[in-house]
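Below is one structure, written out as structure tokens, with a few remarks after it.
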Amino acid sequence: MKNFLDDGDTIPIAAMPEAADSGEFLIVGDLMGVAVAAYDSGAAGTLKRTGVFWLPKTTGEAWTQGQKLFWNSSTKKFTTDASKTPVSAVAWVAADSADTEGKVLLAGPQLKMVSGLSTTVAASDTIVTGLTKLLGVVAQLNDAPTDALAAVNADIGDQAGTPAAGSFLLKTWKNTSGTDPTPLAATAFGAKVAWIAFGY
């Protein structure tokens with residue numbers, strides 16, 4: 001396969017955002033993994049993205065096997081507290097409340113798909129999908145197109161506020177007139193639109 005680059009199990013990092021010891025868990029933008037060696041801040045390095053690792057655990061909470069884990073960036077420990085940073089990690093085996101380390105399975109980002117049927121209320125509606133970040137959306141009219149509402153498109157924007165991560169802008173369009181198909185923002189609403197969103 002001429003376009004294959006890498007299996008993605010390890011990730012080269014051009015500049016580490018902080019100093020790291022070998023075996024330390026790090027988040028670099030939307031990437032995450034365990035440092036394969038010790039690195040200085042700003043140095044090039046490598047993260048191992050998947051596998052089972054002994055990693056720091058929040059004491060005072062017991063883990064059950066397969067329980068979803070989160071990352072506490074303040075304490076640099078894994079936790080079951082869902083208010084902390086979501087990561088692709090679960091408890092490999094159960095851990096006792098007093099344990100300071102636990103066996104953590106890093107599975108890498110898991111692509112998810114969700115779908116919905118929305119009713120248009122404006123020329124640009126914000127649709128919240130329930131995902132953390134979108135990679136793409138496909139949308140189509142579920143009703144027959146008319147001159148007043150001829151087409152739709154989905155805009156995921158920058159996923160950093162325009163629109164918010166996990167949301168997309170559902171835009172509706174009309175023809176300029178019956179003989180001029182130039183698209184303009186729709187002014188008639190209430191149409192059903194089916195959509196499928198992909199992301200994390």
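By order in the structure tokens, chains are A, B, ...; within a chain, residues start at 1; ligands start at 1, following the order shown.
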TODO: Excluding segment 57-61 of chain A and residues on its chain fewer than 3 positions from it, collect all residues at most 12 Å away from it, counting only C-alpha atoms, and give them as a ChimeraX atom specification.
DONE: /A:25,53-54,64,67,69-81,84,90-91,94-104
Could I get the residues of segment 34-136 of chain A with an atom no further than 9 Å from an atom of segment 152-165 of chain A, each paired with its nearest atom pair and that distance in Å to one decimal, using only C-alpha atoms, sorted by chain and residue number, as JSON lines?
{"residue": "A:Thr126", "atom": "CA", "partner": "A:Pro163", "partner_atom": "CA", "distance": 7.5}
{"residue": "A:Val128", "atom": "CA", "partner": "A:Ala164", "partner_atom": "CA", "distance": 8.6}
{"residue": "A:Leu131", "atom": "CA", "partner": "A:Ala165", "partner_atom": "CA", "distance": 8.0}
{"residue": "A:Thr132", "atom": "CA", "partner": "A:Ala165", "partner_atom": "CA", "distance": 6.1}
{"residue": "A:Lys133", "atom": "CA", "partner": "A:Ala165", "partner_atom": "CA", "distance": 5.0}
{"residue": "A:Leu134", "atom": "CA", "partner": "A:Ile156", "partner_atom": "CA", "distance": 6.8}
{"residue": "A:Leu135", "atom": "CA", "partner": "A:Ile156", "partner_atom": "CA", "distance": 7.6}
{"residue": "A:Gly136", "atom": "CA", "partner": "A:Ile156", "partner_atom": "CA", "distance": 6.7}
Open item on the list: Given only C-alpha atoms as the basis, pick out the residue of A:Thr179, A:Thr129, A:Asn142, A:Thr172 nearest to Phe198 of chain A.
Closed with: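 Going through A:Thr179, A:Thr129, A:Asn142, A:Thr172 one by one, the smallest distance to Phe198 of chain A is for A:Thr129.
Minimum distance to Trp63 of chain A across A:Ala139, A:Ile196, A:Ala186, A:Val93 (counting only C-alpha atoms) occurs at A:Val93.
Between atom CA of Leu117 of chain A and atom CA of Trp173 of chain A the interatomic distance comes to 17.6 Å.
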Task: segment 22-113 of chain A: residues DSSP assigns to strand (DSSP E or B), reported as a ChimeraX atom specification - done: /A:25-28,31-35,39,45-48,51-57,63,68-72,77-79,85-91,95,101-106,112-113
- [ ] May I ask for the distance between atom CA of Gly45 of chain A and atom CA of Tyr200 of chain A, given in Å to one decimal place?
- [x]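 Interatomic distance here is 24.9 Å.
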Pick out the residues sitting within 9 Å of segment 30-32 of chain A, and hand them over as a PDB file with C-alpha atoms, in the first residue's frame; count only C-alpha atoms, and ignore anything fewer than 2 positions along from it in its own chain.
ATOM      1  CA  ILE A  11       4.042   9.120  18.010  1.00  0.00           C
ATOM      2  CA  PHE A  25       2.000   9.860  30.832  1.00  0.00           C
ATOM      3  CA  LEU A  26       1.709  13.072  28.774  1.00  0.00           C
ATOM      4  CA  ILE A  27      -0.916  14.923  26.775  1.00  0.00           C
ATOM      5  CA  VAL A  28       0.368  16.928  23.812  1.00  0.00           C
ATOM      6  CA  VAL A  34       3.645   7.392  27.633  1.00  0.00           C
ATOM      7  CA  LEU A  47       5.143   8.708  23.039  1.00  0.00           C
ATOM      8  CA  LYS A  48       3.804   5.154  23.072  1.00  0.00           C
ATOM      9  CA  ARG A  49       0.114   5.513  22.392  1.00  0.00           C
ATOM     10  CA  VAL A  87      -8.621  10.215  27.951  1.00  0.00           C
ATOM     11  CA  SER A  88      -8.818   6.886  26.116  1.00  0.00           C
ATOM     12  CA  GLY A 108      -5.772   5.294  21.723  1.00  0.00           C
ATOM     13  CA  PRO A 109      -8.547   7.540  20.427  1.00  0.00           C
TER      14      PRO A 109
END
Open item on the list: Residues near Ala15 of chain A, anyone? I mean within 6 Å using only C-alpha atoms, not counting same-chain ones fewer than 6 positions away, as a PyMOL selection string.
Closed with: chain A and resi 42-44
Open item on the list: My list of candidates is A:Leu55, A:Leu111, A:Ala194, A:Leu106. Which is closest to Asp143 of chain A when distances are computed with only C-alpha atoms?
Closed with: A:Ala194
Task: Long-range neighbours of Ala151 of chain A as a list in words, 10 Å cut-off, only C-alpha atoms, 5 positions minimum in chain - done: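 Non-adjacent residues within range: Ala139, Gln140, Leu141, Ala144, Pro145, Thr146, Lys171, Thr172, Trp173, Lys174, Asn175, Pro183, Leu184, Ala185, Ala186 and Val193 of chain A.
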Restricted to C-alpha atoms, what would the selected residues look like written as a tab-separated table (two decimals), in the first residue's frame?
chain	number	residue	atom	x	y	z
A	139	ALA	CA	-26.11	16.03	6.33
A	140	GLN	CA	-28.99	15.71	3.88
A	141	LEU	CA	-32.54	16.95	3.59
A	144	ALA	CA	-38.11	17.10	-0.50
A	145	PRO	CA	-36.15	20.18	-1.61
A	146	THR	CA	-38.05	23.29	-2.68
A	171	LYS	CA	-26.78	25.59	7.30
A	172	THR	CA	-29.81	25.74	5.01
A	173	TRP	CA	-30.01	27.33	1.57
A	174	LYS	CA	-32.67	28.42	-0.90
A	175	ASN	CA	-32.61	29.22	-4.61
A	183	PRO	CA	-27.87	29.66	-3.30
A	184	LEU	CA	-28.90	32.17	-0.65
A	185	ALA	CA	-29.39	31.64	3.09
A	186	ALA	CA	-32.79	30.05	3.62
A	193	VAL	CA	-32.44	17.11	8.14
TODO: Find the residue from A:Thr182, A:Thr50, A:Ser83, A:Ser167 that sits nearest to Asp125 of chain A; use only C-alpha atoms when measuring.
DONE: A:Ser167
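Among the candidates A:Gly8, A:Lys68, A:Gly166, A:Asp40, the residue lying nearest to Met113 of chain A is A:Gly166 (atoms considered: only C-alpha atoms).
Reported to one decimal place, the separation of atom CA of Tyr39 of chain A from atom CA of Ala20 of chain A is 5.2 Å.
The neighbours of Val121 of chain A here are the residues that come within 7 Å of it, using only C-alpha atoms and leaving out any residue fewer than 2 positions away in the same chain; they are Thr119, Asp125, Phe189 and Gly190 of chain A.
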